[in-house]
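protein_20.txt follows; it contains compact mmCIF, C-alpha atoms.
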# COMPACT_ATOMS: atom_id res chain seq x y z
CA MET D 1 0.00 0.00 0.00
CA LYS D 2 1.25 3.46 -0.93
CA ALA D 3 0.10 6.57 0.97
CA ILE D 4 0.70 10.28 0.40
CA LEU D 5 0.41 12.93 3.08
CA ILE D 6 -0.51 16.46 1.94
CA THR D 7 0.33 19.29 4.34
CA ASN D 8 1.23 22.98 4.31
CA ILE D 9 4.87 23.10 5.49
CA PRO D 10 7.40 20.84 7.23
CA THR D 11 7.89 21.67 10.89
CA PRO D 12 10.63 20.55 13.29
CA TYR D 13 8.14 18.72 15.50
CA ARG D 14 6.54 16.85 12.57
CA LEU D 15 9.74 15.60 10.89
CA PRO D 16 10.62 12.89 13.47
CA LEU D 17 7.04 11.59 13.29
CA TRP D 18 7.21 11.44 9.49
CA ASP D 19 10.60 9.71 9.72
CA ILE D 20 9.18 6.90 11.84
CA LEU D 21 6.10 6.65 9.63
CA ASN D 22 8.30 6.51 6.52
CA ASN D 23 10.29 3.64 8.03
CA GLN D 24 7.15 1.60 8.70
CA ILE D 25 5.00 2.13 5.61
CA ASN D 26 5.39 3.30 2.02
CA ILE D 27 4.57 7.00 2.42
CA LYS D 28 5.53 10.23 0.67
CA VAL D 29 4.94 13.75 1.97
CA ILE D 30 3.95 16.64 -0.28
CA CYS D 31 4.39 20.10 1.26
CA ILE D 32 2.66 23.10 -0.29
CA SER D 33 5.56 25.35 0.77
CA ASP D 34 8.90 25.06 2.56
CA ASN D 35 8.15 27.70 5.23
CA GLU D 36 5.92 30.59 6.29
CA LYS D 37 6.89 34.21 6.93
CA ASN D 38 5.92 34.08 10.61
CA ARG D 39 8.21 31.07 11.27
CA GLN D 40 11.97 31.00 11.89
CA TRP D 41 12.53 27.26 12.03
CA ASP D 42 15.62 25.52 10.67
CA ILE D 43 14.34 22.54 8.67
CA GLU D 44 16.37 19.58 7.40
CA ASN D 45 15.55 18.11 3.97
CA ARG D 46 14.17 14.59 3.57
CA SER D 47 14.21 12.45 0.43
CA TYR D 48 10.57 11.44 0.90
CA ILE D 49 9.35 15.08 1.00
CA HIS D 50 8.34 16.87 -2.21
CA PHE D 51 7.75 20.63 -2.29
CA LEU D 52 5.31 22.31 -4.65
CA LYS D 53 6.36 25.52 -6.35
CA SER D 54 4.22 28.05 -4.55
CA TYR D 55 3.79 31.67 -3.49
CA HIS D 56 3.17 32.43 0.14
CA PHE D 57 1.21 35.26 1.75
CA PHE D 58 0.77 35.87 5.47
CA PHE D 59 -2.07 37.94 6.91
CA GLN D 60 -0.76 39.22 10.22
CA LYS D 61 -4.07 40.49 11.61
CA LYS D 62 -5.75 37.11 11.08
CA ASP D 63 -2.60 35.10 11.89
CA TRP D 64 -3.26 33.13 8.73
CA ALA D 65 -0.95 31.89 5.98
CA LEU D 66 -2.14 31.41 2.40
CA HIS D 67 -0.28 29.46 -0.28
CA PHE D 68 -0.75 29.53 -4.05
CA SER D 69 0.79 26.93 -6.36
CA ILE D 70 0.47 26.38 -10.12
CA PRO D 71 -3.17 25.31 -10.68
CA PHE D 72 -3.56 21.51 -10.87
CA SER D 73 0.18 20.92 -10.32
CA LEU D 74 -0.67 18.84 -7.25
CA PHE D 75 -3.46 17.02 -9.12
CA PHE D 76 -1.08 15.88 -11.86
CA LEU D 77 1.64 15.02 -9.36
CA LEU D 78 -0.82 12.74 -7.56
CA ARG D 79 -1.78 11.12 -10.88
CA LYS D 80 1.89 10.38 -11.46
CA GLN D 81 2.42 9.01 -7.94
CA ASN D 82 -0.83 6.98 -8.02
CA PRO D 83 -1.20 6.36 -4.27
CA ASP D 84 -3.70 3.97 -2.69
CA ALA D 85 -4.56 6.42 0.10
CA ILE D 86 -4.25 10.17 0.64
CA ILE D 87 -3.93 11.86 4.02
CA ILE D 88 -5.09 15.50 3.91
CA THR D 89 -4.30 17.80 6.83
CA GLY D 90 -6.86 20.56 6.35
CA TYR D 91 -9.40 22.31 4.17
CA ASP D 92 -8.17 25.91 4.18
CA SER D 93 -5.90 25.70 1.10
CA LEU D 94 -6.82 25.17 -2.54
CA GLN D 95 -4.23 22.40 -2.70
CA PHE D 96 -6.12 20.37 -0.09
CA TRP D 97 -9.19 20.59 -2.32
CA GLU D 98 -7.14 19.55 -5.37
CA ALA D 99 -6.06 16.44 -3.48
CA PHE D 100 -9.62 15.87 -2.28
CA PHE D 101 -11.11 15.95 -5.79
CA TYR D 102 -8.27 13.84 -7.18
CA ALA D 103 -9.14 11.15 -4.61
CA LYS D 104 -12.86 11.50 -5.43
CA ILE D 105 -12.32 11.15 -9.19
CA TYR D 106 -9.90 8.21 -9.00
CA GLY D 107 -11.52 6.38 -6.09
CA LYS D 108 -8.63 6.73 -3.67
CA LYS D 109 -9.10 6.25 0.07
CA LYS D 110 -9.09 9.49 2.03
CA ILE D 111 -7.93 10.11 5.60
CA LEU D 112 -8.46 13.50 7.24
CA TRP D 113 -5.74 14.52 9.71
CA ASN D 114 -7.52 17.07 11.90
CA GLY D 115 -6.47 19.33 14.75
CA SER D 116 -9.25 21.94 14.59
CA THR D 117 -11.57 22.21 17.58
CA LEU D 118 -14.84 23.95 18.33
CA LEU D 119 -12.75 26.39 20.38
CA SER D 120 -10.43 27.25 17.48
CA SER D 121 -12.93 27.26 14.61
CA ARG D 122 -13.63 30.91 13.83
CA SER D 123 -16.07 30.77 10.92
CA GLN D 124 -19.72 31.58 11.61
CA ASN D 125 -20.67 31.73 7.94
CA LYS D 126 -23.42 29.19 7.17
CA VAL D 127 -22.30 28.64 3.58
CA VAL D 128 -18.67 28.06 4.65
CA ASN D 129 -19.81 25.62 7.33
CA ARG D 130 -21.96 23.69 4.80
CA ILE D 131 -18.91 23.36 2.54
CA LYS D 132 -16.87 22.21 5.54
CA LYS D 133 -19.51 19.62 6.38
CA TYR D 134 -19.46 18.25 2.83
CA PHE D 135 -15.66 18.07 2.88
CA ILE D 136 -15.36 16.50 6.33
CA ASN D 137 -18.08 13.90 5.81
CA SER D 138 -16.47 12.68 2.58
CA PHE D 139 -13.52 10.91 4.23
CA ASP D 140 -13.10 7.20 4.85
CA SER D 141 -11.37 7.62 8.22
CA TYR D 142 -9.98 10.30 10.51
CA TYR D 143 -6.89 10.83 12.65
CA THR D 144 -7.33 13.63 15.18
CA TYR D 145 -4.82 14.99 17.64
CA GLY D 146 -6.79 15.40 20.82
CA SER D 147 -10.23 14.78 22.28
CA LYS D 148 -11.39 18.29 21.34
CA ALA D 149 -10.40 17.68 17.71
CA THR D 150 -12.47 14.49 17.77
CA GLU D 151 -15.46 16.41 19.19
CA TYR D 152 -15.11 18.85 16.30
CA ILE D 153 -15.29 16.07 13.69
CA GLU D 154 -18.23 14.45 15.48
CA SER D 155 -20.08 17.80 15.47
CA PHE D 156 -20.38 17.44 11.68
CA GLY D 157 -22.16 14.10 12.08
CA VAL D 158 -19.19 11.80 11.47
CA ASP D 159 -19.48 8.25 12.86
CA SER D 160 -17.14 7.98 15.86
CA GLN D 161 -16.13 4.48 14.73
CA LYS D 162 -14.24 6.07 11.83
CA ILE D 163 -12.11 8.28 14.11
CA ILE D 164 -8.76 7.46 15.68
CA THR D 165 -8.02 9.94 18.46
CA GLY D 166 -4.35 10.69 18.92
CA THR D 167 -2.25 13.32 20.64
CA ASN D 168 -0.20 16.03 19.00
CA THR D 169 3.39 15.50 19.99
CA VAL D 170 6.99 16.63 19.93
CA ASP D 171 10.28 14.81 20.52
CA SER D 172 9.48 14.10 24.18
CA ASP D 173 12.66 12.09 24.79
CA PHE D 174 14.80 15.01 23.63
CA TYR D 175 13.33 17.27 26.32
CA LYS D 176 13.23 14.57 29.01
CA HIS D 177 16.88 13.62 28.58
CA ASN D 178 18.36 17.07 28.00
CA THR D 179 16.72 19.04 30.82
CA LYS D 180 17.54 18.95 34.51
CA ASP D 181 15.49 16.96 37.02
CA GLU D 182 16.18 19.24 39.95
CA VAL D 183 15.09 22.79 40.77
CA VAL D 184 17.89 25.18 39.77
CA TYR D 185 17.07 28.24 41.92
CA LYS D 186 15.95 27.38 45.46
CA ASN D 187 14.92 30.86 46.59
CA ARG D 188 12.68 31.97 43.73
CA VAL D 189 10.09 30.65 41.31
CA ASN D 190 11.14 30.83 37.68
CA PHE D 191 8.36 31.20 35.12
CA LEU D 192 8.79 30.57 31.40
CA PHE D 193 6.81 31.58 28.32
CA VAL D 194 7.68 30.22 24.86
CA GLY D 195 5.81 31.39 21.77
CA GLN D 196 5.17 34.05 19.17
CA LEU D 197 4.82 37.56 20.56
CA ILE D 198 1.35 38.22 19.18
CA GLU D 199 -1.92 39.22 20.83
CA ARG D 200 -3.61 35.81 20.86
CA LYS D 201 -0.79 34.27 22.91
CA GLY D 202 -2.15 36.13 25.93
CA LEU D 203 0.95 37.96 27.14
CA LYS D 204 -0.80 41.30 27.71
CA ASN D 205 -3.03 39.98 30.50
CA THR D 206 -0.22 37.80 31.82
CA ILE D 207 2.14 40.75 32.30
CA GLU D 208 -0.66 42.68 33.98
CA ALA D 209 -1.28 39.73 36.30
CA PHE D 210 2.37 39.63 37.34
CA SER D 211 2.13 43.30 38.29
CA LYS D 212 -0.59 42.33 40.79
CA ILE D 213 0.70 39.14 42.44
CA SER D 214 1.59 39.26 46.10
CA HIS D 215 5.00 37.56 45.89
CA GLN D 216 8.35 39.11 44.97
CA ASN D 217 10.67 36.07 44.66
CA TRP D 218 10.11 35.32 40.98
CA LYS D 219 11.43 35.80 37.45
CA LEU D 220 9.68 35.44 34.09
CA THR D 221 11.65 34.62 30.94
CA ILE D 222 9.94 35.21 27.59
CA VAL D 223 11.31 33.20 24.67
CA GLY D 224 10.10 34.20 21.23
CA SER D 225 9.69 37.08 18.82
CA GLY D 226 6.87 38.69 16.90
CA PRO D 227 5.20 41.91 15.77
CA ASP D 228 3.91 42.82 19.24
CA GLU D 229 7.28 42.47 20.97
CA ASN D 230 7.86 46.20 21.47
CA MET D 231 4.34 46.64 22.83
CA PHE D 232 4.93 43.95 25.46
CA LYS D 233 8.33 45.38 26.36
CA LYS D 234 6.77 48.80 26.88
CA GLN D 235 4.09 47.25 29.07
CA VAL D 236 6.78 45.63 31.23
CA ILE D 237 8.52 48.97 31.65
CA ASP D 238 5.24 50.75 32.44
CA TYR D 239 4.57 48.24 35.23
CA HIS D 240 8.18 48.63 36.50
CA LEU D 241 8.81 44.92 35.98
CA ASP D 242 11.90 45.17 33.78
CA ASP D 243 14.04 43.71 36.60
CA LYS D 244 11.67 40.72 36.81
CA ILE D 245 10.72 39.97 33.19
CA LYS D 246 13.36 39.21 30.56
CA PHE D 247 12.91 38.94 26.78
CA VAL D 248 15.52 36.65 25.16
CA GLY D 249 14.24 36.41 21.57
CA PHE D 250 13.52 33.41 19.36
CA LYS D 251 15.47 30.21 20.06
CA GLN D 252 15.91 27.05 18.03
CA LYS D 253 15.25 23.61 19.54
CA ASN D 254 18.82 23.03 20.75
CA GLU D 255 19.03 26.52 22.26
CA ILE D 256 15.85 26.35 24.27
CA ILE D 257 16.87 23.45 26.52
CA ASP D 258 18.65 25.66 29.06
CA TYR D 259 15.53 27.78 29.52
CA TYR D 260 13.38 24.72 30.20
CA SER D 261 16.03 23.44 32.63
CA GLU D 262 16.11 26.66 34.64
CA ALA D 263 12.33 27.13 34.81
CA ASP D 264 9.89 25.76 37.39
CA VAL D 265 6.55 26.89 35.97
CA PHE D 266 5.48 27.13 32.35
CA LEU D 267 2.86 29.59 31.12
CA MET D 268 0.62 28.96 28.12
CA PRO D 269 -1.97 31.78 28.35
CA SER D 270 -3.24 31.66 24.76
CA TYR D 271 -6.64 33.11 23.88
CA LEU D 272 -6.82 30.77 20.87
CA GLU D 273 -4.75 27.63 20.31
CA VAL D 274 -5.64 24.62 18.17
CA TRP D 275 -3.29 22.49 20.28
CA GLY D 276 -0.23 24.15 21.86
CA LEU D 277 2.87 21.97 21.40
CA VAL D 278 4.92 24.05 23.81
CA LEU D 279 2.84 22.41 26.55
CA ASN D 280 4.22 19.02 25.43
CA GLU D 281 7.76 20.42 25.57
CA ALA D 282 7.23 21.87 29.04
CA LEU D 283 5.71 18.72 30.54
CA ALA D 284 8.43 16.54 28.99
CA SER D 285 10.91 18.95 30.66
CA GLY D 286 9.21 18.41 34.04
CA LEU D 287 7.63 21.85 34.43
CA PHE D 288 4.45 22.56 36.34
CA CYS D 289 2.16 24.22 33.77
CA LEU D 290 -0.46 26.95 33.83
CA ALA D 291 -2.40 26.12 30.67
CA SER D 292 -5.16 28.00 28.89
CA LYS D 293 -8.68 26.59 28.82
CA TYR D 294 -8.82 27.77 25.19
CA ALA D 295 -6.06 25.37 24.03
CA GLY D 296 -6.76 21.84 22.82
CA ALA D 297 -3.69 20.39 24.56
CA THR D 298 -4.90 21.46 28.00
CA PHE D 299 -7.83 19.04 27.97
CA ASP D 300 -5.66 16.00 27.22
CA LEU D 301 -2.38 16.78 28.98
CA ILE D 302 -3.16 18.68 32.18
CA LYS D 303 -4.02 16.71 35.31
CA GLU D 304 -5.39 19.43 37.53
CA GLY D 305 -3.17 19.99 40.56
CA GLU D 306 -0.71 17.23 39.61
CA ASN D 307 1.21 18.58 36.63
CA GLY D 308 -0.51 21.93 36.24
CA LEU D 309 -3.55 24.16 36.57
CA VAL D 310 -6.12 25.26 34.00
CA ILE D 311 -6.25 29.04 33.63
CA ASP D 312 -8.58 31.54 31.99
CA PRO D 313 -6.10 33.95 30.38
CA LYS D 314 -8.88 36.39 29.52
CA ASN D 315 -9.53 36.85 33.24
CA VAL D 316 -6.69 38.73 34.95
CA ASP D 317 -8.01 37.89 38.43
CA ASP D 318 -7.90 34.17 37.62
CA LEU D 319 -4.35 34.55 36.34
CA VAL D 320 -3.29 36.33 39.55
CA HIS D 321 -4.93 33.64 41.69
CA LYS D 322 -3.35 30.72 39.81
CA ILE D 323 0.11 32.34 39.68
CA ASP D 324 -0.04 32.99 43.44
CA MET D 325 -1.01 29.33 44.01
CA VAL D 326 2.21 27.94 42.53
CA PHE D 327 4.34 29.64 45.20
CA GLU D 328 2.86 27.17 47.71
CA ARG D 329 4.11 24.13 45.74
CA ASN D 330 7.17 21.92 45.87
CA PHE D 331 8.19 21.19 42.29
CA ASP D 332 8.88 17.56 41.40
CA LYS D 333 10.28 17.74 37.88
CA LYS D 334 11.23 14.08 37.70
CA SER D 335 7.71 12.94 38.58
CA ILE D 336 6.13 15.20 35.94
CA LYS D 337 8.61 13.94 33.32
CA ASN D 338 7.95 10.29 34.17
CA SER D 339 4.16 10.71 34.02
CA PHE D 340 4.31 12.25 30.53
CA ASP D 341 4.10 9.33 28.10
CA VAL D 342 3.17 10.91 24.75
CA SER D 343 5.56 9.73 22.04
CA TYR D 344 6.11 9.66 18.29
CA GLU D 345 6.06 5.86 18.30
CA LYS D 346 2.56 5.70 19.79
CA GLU D 347 1.24 8.33 17.40
CA THR D 348 2.75 6.54 14.39
CA GLN D 349 0.75 3.44 15.24
CA LYS D 350 -2.45 5.48 15.52
CA ILE D 351 -1.87 7.07 12.09
CA ILE D 352 -1.25 3.63 10.59
CA GLU D 353 -4.45 2.42 12.28
CA ALA D 354 -6.38 5.28 10.65
CA ILE D 355 -4.95 4.33 7.24
CA LYS D 356 -5.91 0.68 7.78
CA LYS D 357 -9.40 1.71 8.86
CA ALA D 358 -9.82 3.65 5.60
CA THR D 359 -8.50 0.90 3.36
CA SER D 360 -10.10 -2.13 5.05
Would you mind giving the structure from this file in C-alpha cells?
Amino acid sequence: MKAILITNIPTPYRLPLWDILNNQINIKVICISDNEKNRQWDIENRSYIHFLKSYHFFFQKKDWALHFSIPFSLFFLLRKQNPDAIIITGYDSLQFWEAFFYAKIYGKKKILWNGSTLLSSRSQNKVVNRIKKYFINSFDSYYTYGSKATEYIESFGVDSQKIITGTNTVDSDFYKHNTKDEVVYKNRVNFLFVGQLIERKGLKNTIEAFSKISHQNWKLTIVGSGPDENMFKKQVIDYHLDDKIKFVGFKQKNEIIDYYSEADVFLMPSYLEVWGLVLNEALASGLFCLASKYAGATFDLIKEGENGLVIDPKNVDDLVHKIDMVFERNFDKKSIKNSFDVSYEKETQKIIEAIKKATS
C-alpha cells in the first residue's frame, strides 16, 4: 500500500514523526511550501518530501498563511504518484481541495488529519460551514490529535467508529533527557513563556497579572519574537517589571533546553490555540504548567493539581490567583517527566491504524 500525506509546510516537530512513519509504511509527503513568513525554524531536507512551487502570503491580523501553487500541479503530481490512500491535513488551502477531488475522481481512500476544535474554529458563515460539512463527511477515516479535535469532527455528524483519536506530539525524549530533574534556583520561582509575541498568545493579561501578584521572589523569561514584541516590552517597563521579566528572543530547539532546565513553571496563556505543542515540551521537561482553557492540549495533557492548573487567560483575576497558588508548591520535575508518556512511536501506530481503517 502506498500513501501520500498532503500538508502545508514541514515543521521541526513533525519531521521525526514522518521519519518513523516513513520507516514503517510506504509514504511520501507533499508540502505546499517550505516555510511561512511568521516562522523562523531551521528545517532539514528529507528524500521522501516533495515541495510544490508556490507563493506564500501571510495575513498578520488574522494570523493566517495562504499558499498559491500552479493550478492543478498537485493534481497531476498525484496522478503520477498513483497512491492507494491520501492523508489530507486541512481544508483551508486550494491544494487540499485539489487532493480531495483527485481522490474522489480516482476512487482513492481518504484520511483527514484534523487538529481543529470547536474552540479554534472561527467561521460563523453558514455557507462556509456547509462546505466544511461536505468536505469533512467525505472521508473514509480520521486521525485527530486530541479529544477536542475528535469532538469537532463528530459535530459534523461523522461516525465515531471512523475516528482514531491521537495526541499532538513533539520529541518528548529530547526534552526529558536534555533538561535537569532538579530545581535550579531554590529561593525563587522561575516562570517561562515560549511562543510568538502576538496578541492571541495572551501575554498582555499575563504581564498585567504579574504586576498584581503578592509575591516578589520570581522571574519570568519570555522566549520568542513577533510583531507585538515592542508593545509587550513597553508594558513591562510601564509596570516597572523590567528587573523581573526578561525577553531573550527566538530560540531554536537546541538553544531552548537551558531555559526549560532553569524554569519551574510554564505559562501557556493563549486566547486561541488549536493544540499548543509548547505544553508538550514543558511537561516533557518536568515543568508545572499553567495552561489556557482555550487550548486543545490542555484538555488532554493537564491533570489538575498534579502537573498543572487550568487558567482563563482572559480573566486577569484568575491569572493572579493561579500564579499565586504555585508559590505554595514543591516542584517535582522528575515525577512530571515520568508521568508524561506521549511519544512519536505511539502516534505513528495510531496514524497507521487510521490508514488501515480507511483501506479495510
## Note on the structure
One residue among D:Lys314, D:Lys219, D:Lys109, D:Lys337 is nearest to Lys204 of chain D when using all atoms listed in the file, and that residue is D:Lys314
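Atom pair atom CA of Ile323 of chain D / atom CA of Asn338 of chain D: separated by 24.0 Å.
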#### Entry: Neighbour list for Glu98 of chain D as a PyMOL selection string, cut-off 12 Å, all atoms listed in the file, skip fewer than 4 positions in-chain
chain D and resi 6+32+68-79+86+88+90-94+102-105+135
### Query
With only C-alpha atoms as the basis for distance, which of D:Ser270, D:Asn168, D:Asn82, D:Asn190 is at the shortest distance from Phe331 of chain D?
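Closest to Phe331 of chain D of all the choices is D:Asn190.
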Each segment 210-298 of chain D residue no farther than 7 Å from segment 117-127 of chain D, nearest pair in Å, only C-alpha atoms, as CSV:
residue,atom,partner,partner_atom,distance
D:Leu272,CA,D:Ser120,CA,6.1
D:Glu273,CA,D:Ser120,CA,6.4
D:Val274,CA,D:Ser120,CA,5.5
D:Tyr294,CA,D:Leu119,CA,6.4
Export segment 181-281 of chain D of the preceding structure, keeping C-alpha atoms, as a PDB file, in the first residue's frame.
ATOM      1  CA  ASP D 181      15.493  16.957  37.019  1.00  0.00           C
ATOM      2  CA  GLU D 182      16.177  19.244  39.946  1.00  0.00           C
ATOM      3  CA  VAL D 183      15.092  22.792  40.770  1.00  0.00           C
ATOM      4  CA  VAL D 184      17.894  25.182  39.773  1.00  0.00           C
ATOM      5  CA  TYR D 185      17.068  28.236  41.919  1.00  0.00           C
ATOM      6  CA  LYS D 186      15.952  27.384  45.464  1.00  0.00           C
ATOM      7  CA  ASN D 187      14.917  30.857  46.590  1.00  0.00           C
ATOM      8  CA  ARG D 188      12.682  31.965  43.729  1.00  0.00           C
ATOM      9  CA  VAL D 189      10.085  30.651  41.307  1.00  0.00           C
ATOM     10  CA  ASN D 190      11.140  30.831  37.682  1.00  0.00           C
ATOM     11  CA  PHE D 191       8.362  31.201  35.125  1.00  0.00           C
ATOM     12  CA  LEU D 192       8.793  30.571  31.404  1.00  0.00           C
ATOM     13  CA  PHE D 193       6.805  31.581  28.322  1.00  0.00           C
ATOM     14  CA  VAL D 194       7.680  30.219  24.860  1.00  0.00           C
ATOM     15  CA  GLY D 195       5.813  31.387  21.768  1.00  0.00           C
ATOM     16  CA  GLN D 196       5.174  34.052  19.170  1.00  0.00           C
ATOM     17  CA  LEU D 197       4.817  37.564  20.555  1.00  0.00           C
ATOM     18  CA  ILE D 198       1.351  38.219  19.182  1.00  0.00           C
ATOM     19  CA  GLU D 199      -1.916  39.224  20.826  1.00  0.00           C
ATOM     20  CA  ARG D 200      -3.615  35.808  20.862  1.00  0.00           C
ATOM     21  CA  LYS D 201      -0.794  34.274  22.906  1.00  0.00           C
ATOM     22  CA  GLY D 202      -2.154  36.131  25.935  1.00  0.00           C
ATOM     23  CA  LEU D 203       0.948  37.964  27.141  1.00  0.00           C
ATOM     24  CA  LYS D 204      -0.803  41.298  27.710  1.00  0.00           C
ATOM     25  CA  ASN D 205      -3.025  39.981  30.502  1.00  0.00           C
ATOM     26  CA  THR D 206      -0.219  37.799  31.824  1.00  0.00           C
ATOM     27  CA  ILE D 207       2.138  40.747  32.296  1.00  0.00           C
ATOM     28  CA  GLU D 208      -0.663  42.683  33.981  1.00  0.00           C
ATOM     29  CA  ALA D 209      -1.283  39.731  36.296  1.00  0.00           C
ATOM     30  CA  PHE D 210       2.375  39.631  37.337  1.00  0.00           C
ATOM     31  CA  SER D 211       2.133  43.300  38.292  1.00  0.00           C
ATOM     32  CA  LYS D 212      -0.586  42.325  40.788  1.00  0.00           C
ATOM     33  CA  ILE D 213       0.696  39.143  42.438  1.00  0.00           C
ATOM     34  CA  SER D 214       1.586  39.260  46.105  1.00  0.00           C
ATOM     35  CA  HIS D 215       4.997  37.562  45.887  1.00  0.00           C
ATOM     36  CA  GLN D 216       8.349  39.105  44.974  1.00  0.00           C
ATOM     37  CA  ASN D 217      10.675  36.073  44.659  1.00  0.00           C
ATOM     38  CA  TRP D 218      10.111  35.316  40.981  1.00  0.00           C
ATOM     39  CA  LYS D 219      11.431  35.802  37.452  1.00  0.00           C
ATOM     40  CA  LEU D 220       9.681  35.445  34.093  1.00  0.00           C
ATOM     41  CA  THR D 221      11.651  34.616  30.941  1.00  0.00           C
ATOM     42  CA  ILE D 222       9.937  35.213  27.593  1.00  0.00           C
ATOM     43  CA  VAL D 223      11.314  33.197  24.673  1.00  0.00           C
ATOM     44  CA  GLY D 224      10.100  34.204  21.234  1.00  0.00           C
ATOM     45  CA  SER D 225       9.688  37.075  18.816  1.00  0.00           C
ATOM     46  CA  GLY D 226       6.870  38.689  16.899  1.00  0.00           C
ATOM     47  CA  PRO D 227       5.204  41.913  15.766  1.00  0.00           C
ATOM     48  CA  ASP D 228       3.915  42.823  19.239  1.00  0.00           C
ATOM     49  CA  GLU D 229       7.282  42.474  20.972  1.00  0.00           C
ATOM     50  CA  ASN D 230       7.857  46.203  21.470  1.00  0.00           C
ATOM     51  CA  MET D 231       4.337  46.643  22.827  1.00  0.00           C
ATOM     52  CA  PHE D 232       4.931  43.945  25.463  1.00  0.00           C
ATOM     53  CA  LYS D 233       8.334  45.376  26.359  1.00  0.00           C
ATOM     54  CA  LYS D 234       6.767  48.799  26.880  1.00  0.00           C
ATOM     55  CA  GLN D 235       4.086  47.246  29.072  1.00  0.00           C
ATOM     56  CA  VAL D 236       6.783  45.628  31.228  1.00  0.00           C
ATOM     57  CA  ILE D 237       8.522  48.975  31.648  1.00  0.00           C
ATOM     58  CA  ASP D 238       5.239  50.751  32.436  1.00  0.00           C
ATOM     59  CA  TYR D 239       4.568  48.237  35.229  1.00  0.00           C
ATOM     60  CA  HIS D 240       8.175  48.629  36.499  1.00  0.00           C
ATOM     61  CA  LEU D 241       8.807  44.918  35.980  1.00  0.00           C
ATOM     62  CA  ASP D 242      11.899  45.171  33.775  1.00  0.00           C
ATOM     63  CA  ASP D 243      14.035  43.706  36.600  1.00  0.00           C
ATOM     64  CA  LYS D 244      11.671  40.724  36.805  1.00  0.00           C
ATOM     65  CA  ILE D 245      10.720  39.970  33.195  1.00  0.00           C
ATOM     66  CA  LYS D 246      13.358  39.215  30.562  1.00  0.00           C
ATOM     67  CA  PHE D 247      12.908  38.937  26.778  1.00  0.00           C
ATOM     68  CA  VAL D 248      15.517  36.649  25.164  1.00  0.00           C
ATOM     69  CA  GLY D 249      14.239  36.412  21.566  1.00  0.00           C
ATOM     70  CA  PHE D 250      13.520  33.412  19.363  1.00  0.00           C
ATOM     71  CA  LYS D 251      15.466  30.213  20.061  1.00  0.00           C
ATOM     72  CA  GLN D 252      15.908  27.047  18.030  1.00  0.00           C
ATOM     73  CA  LYS D 253      15.252  23.612  19.544  1.00  0.00           C
ATOM     74  CA  ASN D 254      18.816  23.034  20.747  1.00  0.00           C
ATOM     75  CA  GLU D 255      19.029  26.519  22.258  1.00  0.00           C
ATOM     76  CA  ILE D 256      15.847  26.347  24.265  1.00  0.00           C
ATOM     77  CA  ILE D 257      16.873  23.446  26.515  1.00  0.00           C
ATOM     78  CA  ASP D 258      18.654  25.659  29.056  1.00  0.00           C
ATOM     79  CA  TYR D 259      15.528  27.775  29.519  1.00  0.00           C
ATOM     80  CA  TYR D 260      13.376  24.721  30.201  1.00  0.00           C
ATOM     81  CA  SER D 261      16.035  23.443  32.635  1.00  0.00           C
ATOM     82  CA  GLU D 262      16.109  26.657  34.642  1.00  0.00           C
ATOM     83  CA  ALA D 263      12.326  27.132  34.814  1.00  0.00           C
ATOM     84  CA  ASP D 264       9.893  25.760  37.394  1.00  0.00           C
ATOM     85  CA  VAL D 265       6.545  26.889  35.975  1.00  0.00           C
ATOM     86  CA  PHE D 266       5.479  27.127  32.353  1.00  0.00           C
ATOM     87  CA  LEU D 267       2.860  29.588  31.117  1.00  0.00           C
ATOM     88  CA  MET D 268       0.615  28.960  28.118  1.00  0.00           C
ATOM     89  CA  PRO D 269      -1.969  31.779  28.353  1.00  0.00           C
ATOM     90  CA  SER D 270      -3.243  31.657  24.757  1.00  0.00           C
ATOM     91  CA  TYR D 271      -6.637  33.112  23.879  1.00  0.00           C
ATOM     92  CA  LEU D 272      -6.816  30.771  20.867  1.00  0.00           C
ATOM     93  CA  GLU D 273      -4.748  27.635  20.309  1.00  0.00           C
ATOM     94  CA  VAL D 274      -5.639  24.623  18.175  1.00  0.00           C
ATOM     95  CA  TRP D 275      -3.291  22.489  20.283  1.00  0.00           C
ATOM     96  CA  GLY D 276      -0.230  24.152  21.859  1.00  0.00           C
ATOM     97  CA  LEU D 277       2.871  21.966  21.402  1.00  0.00           C
ATOM     98  CA  VAL D 278       4.921  24.050  23.807  1.00  0.00           C
ATOM     99  CA  LEU D 279       2.844  22.411  26.547  1.00  0.00           C
ATOM    100  CA  ASN D 280       4.217  19.025  25.432  1.00  0.00           C
ATOM    101  CA  GLU D 281       7.758  20.417  25.572  1.00  0.00           C
TER     102      GLU D 281
END
